[in-house]
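Scroll down for the structure; my scribbles are underneath it.
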Amino acid sequence: YDSGFYKAQWETIERPLLAGWFGRMRGEGRHSLLDFACGTGRVTTVAESFFPRVVGVDVSSAMLGQARAVCRTAELIHQDITVTRLSEQFDVATAFRFFLNAEAALRSEALRAIRGALRPGGVLVANVHVNSTSPLGLAYRLRNRLHGRRVANTLGYPEMRRMLVEGGFEVEQVLRYSALPRLGWFFPPGSRTLMRAFEAVLGAMPVSLQSYAQSFLIQARLC
C-alpha cells in the first residue's frame with residue numbers, strides 16, 4: 001500500500017479519520033491504546049500523537065522491523081496474543097485491515113484476545129476496507145460466484161456487527177467512507193481531488209444511501 005489507491009485512501013481519508021477519533025477518545029480521558037496486528041505501524045504512529053501509552057503487537061517480526069523504523073514512542077511486541085495474553089490492559093484497542101481477511105476461527109480468537117486486553121468500558125476501533133455492498137464488494141461477490149469459490153473477501157456491516165456482539169462488544173458508532181470506488185491499482189495524478197469530492201458528496205447523503213461506500217470504521221464498547 002505504498003502507492004496507488006490505498007496509499008491515497010490512507011493519507012486522504014483514513015489517517016485524518018483516525019486522528020479525529022483518537023483525539024475525541026483522548027479528550028474523554030482514555031490514556032492507553034493497543035494496536036492489534038499492528039503490521040508496519042501505520043495506525044500505531046497516529047496513536048502515538050494522542051495517547052501517552054501505545055503498544056503495537058504482531059506475529060510478524062518482519063512487519064515489526066518496519067514498524068520500529070517509523071514508531072517514536074510506542075512499545076512494539078512480537079507475540080501472538082491469541083495464544084499468550086499480555087499482562088497489561090488498555091483503554092482502546094485497534095484492529096485495522098484485519099477482520100476482512102481473517103478466517104472465522106481467527107476472528108473469534110482475535111476478539112477474545114482483544115476483549116482480554118481491554119479494561120472495563122474499553123473500546124475497540126476496527127475497519128473493513130471492502131464493504132460487501134459497495135461497487136467493489138458487489139464485483140468481488142459476483143466474481144466469487146462465477147468462479148464457484150471465494151477469490152476475494154468482502155465483509156458487510158451486519159456481519160461485522162454480529163461478530164462483535166457475539167464477541168462481547170456493543171457497537172457504538174459506525175462511519176462509512178471511501179465513496180470513490182477502487183477500479184484497480186492505477187491511481188492517476190489528480191485523483192485525490194476527485195476522492196475528496198466524492199467524500200463530500202457521501203457526507204451529504206442519507207445514511208441509507210451511504211452503504212455503497214467501500215469501507216467503514218466501527219467503534220464498539222466492551223460489554
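The way I read the labels, and the way they are meant: chains A, B, ... in the order of the C-alpha cells, residue 1 as the first residue of every chain, and ligand 1 as the first ligand shown, with later ones counted on from there.
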
Kindly assemble as a Markdown table a list of the region 152-180 of chain A residues that lie within 10 Å of region 4-11 of chain A, each paired with its nearest atom pair and their distance in Å to one decimal, using only C-alpha atoms, sorted first by chain and then by ascending residue number.
```
| residue | atom | partner | partner_atom | distance |
| --- | --- | --- | --- | --- |
| A:Tyr177 | CA | A:Gln9 | CA | 9.6 |
| A:Ser178 | CA | A:Gln9 | CA | 7.2 |
| A:Leu180 | CA | A:Gln9 | CA | 9.5 |
```

Just the residues within 8 Å of Ile77 (chain A), please, counting only C-alpha atoms, with nothing from its chain fewer than 3 positions along; format it as a list in words.
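Answer for this query is Val55, Gly56, Val57, Asp58 and Leu64 of chain A.
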
A:Arg72, A:Asp80, A:Thr133, A:Phe198 ranked by distance to Leu106 (chain A), top pick (using only C-alpha atoms):
A:Asp80

Could you please write out, as number ranges by chain, every residue of region 23-210 of chain A that DSSP assigns to strand (DSSP E)?
A: 32-36, 53-58, 75-78, 90-95, 118-128, 169-177

Wanna dump the region 90-193 of chain A-region 205-214 of chain A contacts at 12 Å for me, each residue with its shortest atom pair and the distance in Å to one decimal, counting only C-alpha atoms, ordered by chain and number, as JSON lines?
```
{"residue": "A:Asn127", "atom": "CA", "partner": "A:Gln214", "partner_atom": "CA", "distance": 10.9}
{"residue": "A:Val128", "atom": "CA", "partner": "A:Gln214", "partner_atom": "CA", "distance": 8.5}
{"residue": "A:His129", "atom": "CA", "partner": "A:Gln214", "partner_atom": "CA", "distance": 6.4}
{"residue": "A:Val130", "atom": "CA", "partner": "A:Gln214", "partner_atom": "CA", "distance": 5.5}
{"residue": "A:Asn131", "atom": "CA", "partner": "A:Gln214", "partner_atom": "CA", "distance": 5.2}
{"residue": "A:Ser132", "atom": "CA", "partner": "A:Gln214", "partner_atom": "CA", "distance": 8.0}
{"residue": "A:Thr133", "atom": "CA", "partner": "A:Tyr212", "partner_atom": "CA", "distance": 5.5}
{"residue": "A:Ser134", "atom": "CA", "partner": "A:Tyr212", "partner_atom": "CA", "distance": 4.1}
{"residue": "A:Pro135", "atom": "CA", "partner": "A:Tyr212", "partner_atom": "CA", "distance": 6.6}
{"residue": "A:Leu136", "atom": "CA", "partner": "A:Gln214", "partner_atom": "CA", "distance": 6.8}
{"residue": "A:Gly137", "atom": "CA", "partner": "A:Gln214", "partner_atom": "CA", "distance": 7.3}
{"residue": "A:Leu138", "atom": "CA", "partner": "A:Tyr212", "partner_atom": "CA", "distance": 9.4}
{"residue": "A:Ala139", "atom": "CA", "partner": "A:Gln214", "partner_atom": "CA", "distance": 11.5}
{"residue": "A:Tyr140", "atom": "CA", "partner": "A:Gln214", "partner_atom": "CA", "distance": 11.8}
{"residue": "A:Thr154", "atom": "CA", "partner": "A:Gln214", "partner_atom": "CA", "distance": 10.0}
{"residue": "A:Leu155", "atom": "CA", "partner": "A:Gln214", "partner_atom": "CA", "distance": 10.3}
{"residue": "A:Gly156", "atom": "CA", "partner": "A:Ser211", "partner_atom": "CA", "distance": 9.0}
{"residue": "A:Tyr157", "atom": "CA", "partner": "A:Ser211", "partner_atom": "CA", "distance": 8.7}
{"residue": "A:Pro158", "atom": "CA", "partner": "A:Ser211", "partner_atom": "CA", "distance": 11.0}
{"residue": "A:Val174", "atom": "CA", "partner": "A:Val207", "partner_atom": "CA", "distance": 10.5}
{"residue": "A:Leu175", "atom": "CA", "partner": "A:Gln210", "partner_atom": "CA", "distance": 9.2}
{"residue": "A:Arg176", "atom": "CA", "partner": "A:Ala213", "partner_atom": "CA", "distance": 6.1}
{"residue": "A:Tyr177", "atom": "CA", "partner": "A:Ala213", "partner_atom": "CA", "distance": 5.6}
{"residue": "A:Ser178", "atom": "CA", "partner": "A:Gln214", "partner_atom": "CA", "distance": 5.4}
{"residue": "A:Ala179", "atom": "CA", "partner": "A:Ala213", "partner_atom": "CA", "distance": 4.6}
{"residue": "A:Leu180", "atom": "CA", "partner": "A:Ala213", "partner_atom": "CA", "distance": 7.6}
{"residue": "A:Pro181", "atom": "CA", "partner": "A:Gln214", "partner_atom": "CA", "distance": 6.3}
{"residue": "A:Arg182", "atom": "CA", "partner": "A:Gln214", "partner_atom": "CA", "distance": 8.1}
{"residue": "A:Leu183", "atom": "CA", "partner": "A:Gln214", "partner_atom": "CA", "distance": 11.2}
```
